[in-house]
Every structure is written in C-alpha cells, then in structure tokens.
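Containing compact mmCIF, C-alpha atoms: protein-v6.txt.
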# COMPACT_ATOMS: atom_id res chain seq x y z
CA MET A 1 -29.61 -45.69 45.91
CA THR A 2 -26.78 -43.14 45.93
CA ASP A 3 -27.74 -39.64 47.02
CA SER A 4 -27.46 -36.96 44.35
CA PRO A 5 -25.06 -34.02 44.92
CA GLN A 6 -28.04 -31.71 45.53
CA ASP A 7 -29.47 -34.19 48.03
CA ARG A 8 -26.17 -34.34 49.95
CA THR A 9 -25.87 -30.55 49.87
CA ALA A 10 -29.38 -30.09 51.25
CA LYS A 11 -28.75 -32.57 54.07
CA TRP A 12 -25.50 -30.87 55.07
CA LEU A 13 -27.03 -27.38 55.12
CA VAL A 14 -29.87 -28.45 57.43
CA GLY A 15 -28.22 -31.07 59.61
CA ASP A 16 -29.22 -34.57 60.61
CA ARG A 17 -32.80 -34.03 61.79
CA LEU A 18 -36.08 -32.81 60.32
CA ALA A 19 -36.37 -29.05 60.65
CA CYS A 20 -38.50 -25.99 60.01
CA VAL A 21 -36.55 -24.20 57.28
CA LEU A 22 -36.75 -20.65 55.93
CA HIS A 23 -35.35 -20.60 52.39
CA LEU A 24 -34.68 -17.05 51.17
CA GLY A 25 -35.42 -16.91 47.46
CA ASP A 26 -37.40 -19.27 45.24
CA GLY A 27 -34.92 -21.94 44.21
CA SER A 28 -34.68 -25.67 43.52
CA LEU A 29 -32.95 -26.36 46.84
CA ALA A 30 -36.21 -25.55 48.63
CA TYR A 31 -37.98 -28.28 46.65
CA GLU A 32 -35.28 -30.80 47.57
CA LEU A 33 -35.69 -29.95 51.25
CA ALA A 34 -39.47 -30.38 51.04
CA GLU A 35 -39.01 -33.78 49.38
CA GLN A 36 -36.75 -34.80 52.28
CA GLY A 37 -39.61 -34.10 54.70
CA HIS A 38 -38.60 -30.71 56.10
CA GLU A 39 -41.20 -28.00 56.73
CA VAL A 40 -40.18 -25.30 54.25
CA VAL A 41 -41.12 -21.64 53.91
CA VAL A 42 -39.87 -19.74 50.85
CA ALA A 43 -39.66 -15.96 51.22
CA GLY A 44 -38.36 -13.13 49.04
CA ASP A 45 -39.23 -10.45 46.55
CA ASP A 46 -38.87 -13.00 43.73
CA VAL A 47 -41.82 -15.10 44.98
CA GLN A 48 -44.44 -14.95 42.26
CA ALA A 49 -46.45 -18.17 42.57
CA SER A 50 -46.92 -21.36 44.55
CA ARG A 51 -44.75 -23.99 42.86
CA HIS A 52 -44.84 -26.88 45.36
CA ASP A 53 -47.80 -28.22 47.33
CA ASP A 54 -45.75 -28.77 50.51
CA ILE A 55 -44.10 -25.34 50.64
CA MET A 56 -45.51 -22.10 52.06
CA TYR A 57 -44.69 -19.01 49.97
CA ILE A 58 -44.25 -15.53 51.42
CA ARG A 59 -43.56 -12.39 49.39
CA SER A 60 -41.36 -10.04 51.39
CA ARG A 61 -39.26 -6.97 50.65
CA GLY A 62 -36.20 -5.48 52.27
CA GLU A 63 -33.97 -6.90 54.98
CA ARG A 64 -36.67 -7.15 57.66
CA LEU A 65 -38.16 -10.65 57.80
CA PRO A 66 -41.95 -10.89 58.29
CA PHE A 67 -41.80 -13.66 60.90
CA LEU A 68 -42.02 -13.98 64.66
CA SER A 69 -38.81 -14.53 66.61
CA ASN A 70 -37.61 -18.10 67.21
CA ALA A 71 -39.70 -19.39 64.28
CA PHE A 72 -37.14 -21.53 62.37
CA ASP A 73 -34.52 -24.19 62.99
CA VAL A 74 -32.60 -23.24 59.84
CA VAL A 75 -32.31 -20.18 57.60
CA ILE A 76 -30.79 -20.76 54.15
CA THR A 77 -29.67 -17.88 51.97
CA PRO A 78 -28.10 -18.15 48.49
CA GLU A 79 -25.94 -15.11 49.18
CA LEU A 80 -25.01 -13.95 52.65
CA ARG A 81 -25.62 -10.25 53.15
CA GLU A 82 -23.13 -8.67 55.50
CA ALA A 83 -25.40 -5.78 56.49
CA PRO A 84 -25.94 -5.78 60.28
CA THR A 85 -29.73 -5.52 59.85
CA ALA A 86 -29.88 -8.66 57.71
CA LEU A 87 -27.64 -10.70 60.00
CA SER A 88 -29.57 -9.67 63.10
CA GLU A 89 -32.83 -10.61 61.37
CA TYR A 90 -31.49 -14.07 60.54
CA ALA A 91 -30.48 -14.49 64.17
CA ARG A 92 -33.81 -13.18 65.47
CA VAL A 93 -36.00 -15.65 63.57
CA LEU A 94 -33.75 -18.61 64.41
CA ARG A 95 -34.47 -20.75 67.43
CA PRO A 96 -31.67 -21.17 69.99
CA ASP A 97 -28.87 -23.28 68.49
CA GLY A 98 -30.43 -22.86 65.02
CA LEU A 99 -28.36 -22.81 61.82
CA LEU A 100 -27.72 -20.04 59.33
CA SER A 101 -26.54 -21.66 56.09
CA ALA A 102 -25.36 -20.19 52.81
CA VAL A 103 -24.58 -21.87 49.52
CA SER A 104 -22.77 -20.59 46.43
CA GLN A 105 -21.60 -22.21 43.20
CA THR A 106 -18.77 -21.64 40.75
CA PHE A 107 -18.70 -23.15 37.26
CA ASP A 108 -15.87 -24.45 35.10
CA ASP A 109 -15.63 -21.83 32.36
CA SER A 110 -12.79 -23.71 30.61
CA ILE A 111 -15.31 -26.04 28.91
CA PRO A 112 -15.74 -24.84 25.29
CA TRP A 113 -19.55 -24.62 25.33
CA MET A 114 -19.44 -22.75 28.68
CA ARG A 115 -17.10 -20.15 27.19
CA LYS A 116 -19.57 -19.58 24.34
CA LEU A 117 -22.50 -19.45 26.79
CA ARG A 118 -20.76 -16.70 28.75
CA GLU A 119 -20.30 -14.75 25.53
CA ILE A 120 -24.10 -14.83 25.16
CA THR A 121 -25.24 -14.39 28.77
CA GLY A 122 -22.38 -12.66 30.51
CA ASP A 123 -21.91 -13.66 34.13
CA ARG A 124 -23.93 -12.79 37.22
CA ASP A 125 -20.60 -12.83 39.09
CA VAL A 126 -21.96 -13.77 42.51
CA ALA A 127 -19.15 -13.62 45.03
CA ARG A 128 -18.52 -16.55 47.35
CA THR A 129 -19.68 -16.21 50.93
CA PRO A 130 -16.81 -15.10 53.18
CA VAL A 131 -16.76 -17.45 56.17
CA ASP A 132 -15.63 -14.70 58.56
CA THR A 133 -18.93 -12.87 58.01
CA PHE A 134 -20.62 -15.09 60.60
CA THR A 135 -18.22 -14.59 63.49
CA ALA A 136 -17.56 -10.91 62.76
CA SER A 137 -21.20 -10.13 63.47
CA GLY A 138 -21.01 -11.50 67.01
CA LEU A 139 -24.31 -13.32 66.40
CA PHE A 140 -23.00 -16.69 65.27
CA HIS A 141 -20.50 -19.29 66.40
CA GLU A 142 -17.49 -20.49 64.40
CA PRO A 143 -18.66 -21.54 60.91
CA GLU A 144 -18.19 -24.90 59.21
CA THR A 145 -17.58 -25.27 55.48
CA HIS A 146 -18.22 -28.07 53.01
CA GLU A 147 -17.18 -28.14 49.34
CA LEU A 148 -18.51 -30.50 46.70
CA GLY A 149 -17.43 -30.75 43.06
CA THR A 150 -19.56 -32.65 40.58
CA TRP A 151 -20.63 -33.04 36.95
CA GLU A 152 -24.23 -32.41 35.90
CA LYS A 153 -26.06 -33.30 32.68
CA LEU A 154 -28.14 -30.50 31.14
CA ASP A 155 -30.78 -31.19 28.49
CA LEU A 156 -32.13 -28.24 26.51
CA PRO A 157 -34.72 -27.14 29.14
CA GLY A 158 -32.06 -27.54 31.83
CA LEU A 159 -29.60 -25.43 29.84
CA MET A 160 -32.22 -22.72 29.35
CA ARG A 161 -32.93 -22.63 33.10
CA PHE A 162 -29.21 -22.50 33.85
CA ALA A 163 -28.67 -19.65 31.38
CA GLU A 164 -31.60 -17.70 32.85
CA SER A 165 -30.44 -18.14 36.46
CA THR A 166 -26.79 -17.22 35.83
CA LYS A 167 -27.05 -14.49 33.19
CA HIS A 168 -25.98 -10.92 33.81
CA PRO A 169 -28.97 -8.69 34.70
CA SER A 170 -28.39 -6.60 31.56
CA VAL A 171 -28.98 -9.59 29.24
CA GLY A 172 -32.50 -9.72 27.81
CA GLU A 173 -34.74 -12.50 26.50
CA ALA A 174 -33.69 -11.90 22.89
CA GLU A 175 -30.09 -12.87 23.64
CA LEU A 176 -31.24 -16.04 25.42
CA SER A 177 -32.74 -17.32 22.16
CA ARG A 178 -29.15 -17.92 20.98
CA VAL A 179 -28.70 -20.50 23.75
CA ARG A 180 -30.84 -22.95 21.76
CA ASP A 181 -28.43 -22.69 18.82
CA LEU A 182 -25.52 -23.35 21.18
CA PHE A 183 -27.21 -26.53 22.42
CA MET A 184 -27.77 -27.77 18.87
CA GLU A 185 -24.09 -27.17 18.11
CA TYR A 186 -22.65 -28.96 21.15
CA GLY A 187 -25.39 -31.27 22.46
CA GLN A 188 -27.41 -32.47 19.49
CA GLN A 189 -25.67 -35.85 19.19
CA THR A 190 -25.87 -36.83 22.88
CA GLY A 191 -28.99 -34.89 23.88
CA PHE A 192 -27.23 -33.18 26.77
CA LEU A 193 -24.27 -31.02 27.80
CA ARG A 194 -21.98 -31.78 30.75
CA LEU A 195 -21.50 -29.01 33.29
CA ARG A 196 -18.87 -29.10 36.01
CA HIS A 197 -19.49 -26.98 39.09
CA THR A 198 -18.22 -26.60 42.63
CA THR A 199 -20.63 -25.93 45.47
CA LEU A 200 -19.40 -24.17 48.62
CA CYS A 201 -21.61 -24.54 51.69
CA VAL A 202 -21.17 -22.59 54.91
CA ARG A 203 -23.16 -22.98 58.13
CA ALA A 204 -22.95 -21.57 61.64
CA ARG A 205 -25.05 -21.87 64.78
CA VAL A 206 -26.72 -18.77 66.13
CA ASP A 207 -25.63 -17.13 69.39
CA LYS A 208 -28.72 -15.29 70.65
CA SER A 209 -27.10 -13.98 73.84
CA SER A 210 -26.19 -10.62 72.29
CA LEU A 211 -29.55 -9.88 70.63
CA VAL A 212 -31.36 -6.71 71.69
CA ASP A 213 -35.03 -6.63 72.66
CA GLU A 214 -37.14 -8.21 69.93
CA VAL A 215 -39.59 -6.16 67.90
CA GLU A 216 -42.70 -7.13 65.97
CA PRO A 217 -42.08 -8.18 62.35
CA PRO A 218 -43.32 -6.01 59.47
CA ASP A 219 -46.42 -6.76 57.43
CA THR A 220 -46.23 -9.61 54.94
CA LEU A 221 -48.05 -10.83 51.87
CA LEU A 222 -48.81 -14.55 51.95
CA LEU A 223 -49.33 -16.22 48.59
CA GLU A 224 -51.74 -19.13 48.65
CA LEU A 225 -52.12 -19.79 44.95
CA ARG A 226 -53.71 -23.04 43.85
If you convert what's in this file into structure tokens, what do you get?
Amino acid sequence: MTDSPQDRTAKWLVGDRLACVLHLGDGSLAYELAEQGHEVVVAGDDVQASRHDDIMYIRSRGERLPFLSNAFDVVITPELREAPTALSEYARVLRPDGLLSAVSQTFDDSIPWMRKLREITGDRDVARTPVDTFTASGLFHEPETHELGTWEKLDLPGLMRFAESTKHPSVGEAELSRVRDLFMEYGQQTGFLRLRHTTLCVRARVDKSSLVDEVEPPDTLLLELR
C-alpha cells in the first residue's frame, strides 16, 4: 500500500525509528504519529479534551514547557517561534541528538472554489518557518528541509474542518455557514472538492552544549478525560 502524503510527512519529521514525541497543538498530525506507533504527548492552550486513546493530553500556557529536561526524542511545532525562551525550552526538553521539527502549509488560491472560500473566511496568513531560525539560536545544528506537493479530496465535513482551521481569527461561526453553500455549488456532483497544497517541513538536531543550568518546569494541568 502506498503511504499517504500525511504519512510520509509524519515519518520525515520524526525520523526512521520509534520515538517519544511532543506535539505542540492539537492537530491531526499527532494522530498519524500515534497510529505509526510513536509515544505522543499533545500540549498547548488549545487542548480541550482527550481525542485519541493512545495520546496523553497536557494543557499548558506560555512559552515555558511543563516537562522535565531530556524528556522527548522529537518536538514538533506547527509554527516555529523565534523567541529565545521558546527555542531554549524546545532544546531543554529534547534528549541529546533529538529533533526539533516544524511544518507549514500553503494552498493553491488560484482554484476557483478556493478564491471564493477566501472571500468567506479570509486567511490566517501563517508565515513559513525560516530555516535560519534554528542555527541563529545557537541551540540547533544545520537544518534539513523537505517539501511535498499533493492534491487532497475534501468532502463537506472535511471542507468545514479546513475552513475552520485556516480562517482569519476575526471570522465568526455565522460566516462559516456560507461554506456549505459553496460546497453545494462546486462539489455537489462529485461529492468532493480537490485541494492542492504544498507542505514545507524543517527539522534540526539539538545542540545541548550551550544550554545553561536547567530549572524545574512550571505547573501543568493534565487532562485525562474518558
């Protein structure tokens, strides 16, 4: 069976062995990693519930990570913060030779239905991760990059999830109701819409030689919802 684009992306971000992974933010990539057999912890201020039986969920706030040092083989972040505190925290919780990985996506807005979707939802406008962020910090080795372009089929629930995850923060639920009408206009005959996107992945190995004395992590709230 051919690996899906998300499957290949997940494998590249983590490497070629099973790992203990910290995924910052509650996203579908974490579920893919858990299905591949990795030990996954999801952390962030957007954690509201337990969504996967094999994932541990931690609600955390701010740039300080509520974990002991040397706790993870891989840290994955959907957007790489350049603040020194955040980068040093990523390095602190990584084990020696561990990976910090970031992933970002851009979408083909030239497709007619995508242009109309952007008129409804706006654009979150998430900037791509600059690869020099890693080395400039002095905490990571030279980064590697991997780019993958692919087409994806979106049914109506998939389109609604896509619209919700990529909308501008100022767009409310009332505007999202128009997305259903858009789907009926462009996807009624086939039952799906085709979305083209490009995924940029960046990863770099940690260099812990320049870290200062480690401190205890802040308090955390562990969600164990069943």
Looking at A:Ser28, A:Ser60, A:Thr150, A:Ser101, which one is nearest to Leu87 of chain A, with distances taken over only C-alpha atoms?
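Closest to Leu87 of chain A, using only C-alpha atoms: A:Ser101.
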Per-residue nearest contacts segment 62-137 of chain A to segment 43-52 of chain A, cut-off 12 Å, using all atoms listed in the file, as a Markdown table:
| residue | atom | partner | partner_atom | distance |
| --- | --- | --- | --- | --- |
| A:Gly62 | CA | A:Asp45 | CA | 8.2 |
| A:Glu63 | CA | A:Gly44 | CA | 9.7 |
| A:Arg64 | CA | A:Gly44 | CA | 10.6 |
| A:Leu65 | CA | A:Ala43 | CA | 8.6 |
| A:Pro66 | CA | A:Ala43 | CA | 9.0 |
| A:Phe67 | CA | A:Ala43 | CA | 10.2 |
| A:Val75 | CA | A:Ala43 | CA | 10.6 |
| A:Ile76 | CA | A:Ala43 | CA | 10.5 |
| A:Thr77 | CA | A:Ala43 | CA | 10.2 |
| A:Pro78 | CA | A:Gly44 | CA | 11.4 |
Pick out the closest residue to Gly122 of chain A from this set: A:Asp155, A:Glu142, A:Glu164, A:Asp97. Count only C-alpha atoms.
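Using only C-alpha atoms, the shortest distance to Gly122 of chain A belongs to A:Glu164.
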Around (-29.5, -27.2, 31.2), as given in the file, which residues come within 12 Å? Count all atoms listed in the file and list them as a ChimeraX atom specification.
/A:113-114,117,152-166,179-180,182-183,187,191-196
Minimum-distance residue to Ser170 of chain A, chosen among A:Thr121, A:Thr199, A:Ser209, A:Gln189 (using all atoms listed in the file)
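Using all atoms listed in the file, Ser170 of chain A sits closest to A:Thr121.
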Do you have, as CSV, the list of residues of segment 86-188 of chain A lying at most 6 Å from segment 204-208 of chain A, each with its nearest atom pair and that distance in Å to one decimal, counting only C-alpha atoms and ordered by chain then number?
residue,atom,partner,partner_atom,distance
A:Asp97,CA,A:Arg205,CA,5.5
A:Gly98,CA,A:Arg205,CA,5.5
A:Leu99,CA,A:Arg205,CA,4.5
A:Leu100,CA,A:Ala204,CA,5.5
A:Leu139,CA,A:Asp207,CA,5.0
A:Phe140,CA,A:Val206,CA,4.3
A:His141,CA,A:Arg205,CA,5.5
A:Pro143,CA,A:Ala204,CA,4.4
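Interatomic distance, atom CA of Thr145 of chain A to atom CA of Asp123 of chain A: 24.7 Å.
Reported to one decimal place, the separation of atom CA of Gly27 of chain A from atom CA of Ile55 of chain A is 11.7 Å.
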If you measure from atom CA of Arg59 of chain A to atom CA of Ala30 of chain A, what distance in Å do you get, rounded to one decimal?
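A separation of 15.1 Å between them.
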Would you mind telling me which residue in A:Leu18, A:Lys167, A:Glu32, A:Tyr57 lies nearest to Gln6 of chain A when using all atoms listed in the file?
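Under the stated criterion, the closest residue is A:Glu32.
For the choices A:Leu211, A:Arg118, A:Ala91, A:Leu22, the atom-to-atom distance to Leu176 of chain A is smallest for A:Arg118 when using all atoms listed in the file.
Of the listed residues (A:Arg203, A:Arg17, A:His197, A:His38), A:Arg203 comes nearest to Glu144 of chain A; the distances count all atoms listed in the file.
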Show me as JSON, numbers by chain the residues that reach within 9 Å of (-37.7, -25.4, 58.5), counting only C-alpha atoms and using the file's own coordinates.
{"A": [14, 18, 19, 20, 21, 22, 23, 33, 38, 39, 40, 41, 71, 72, 73, 74, 75]}
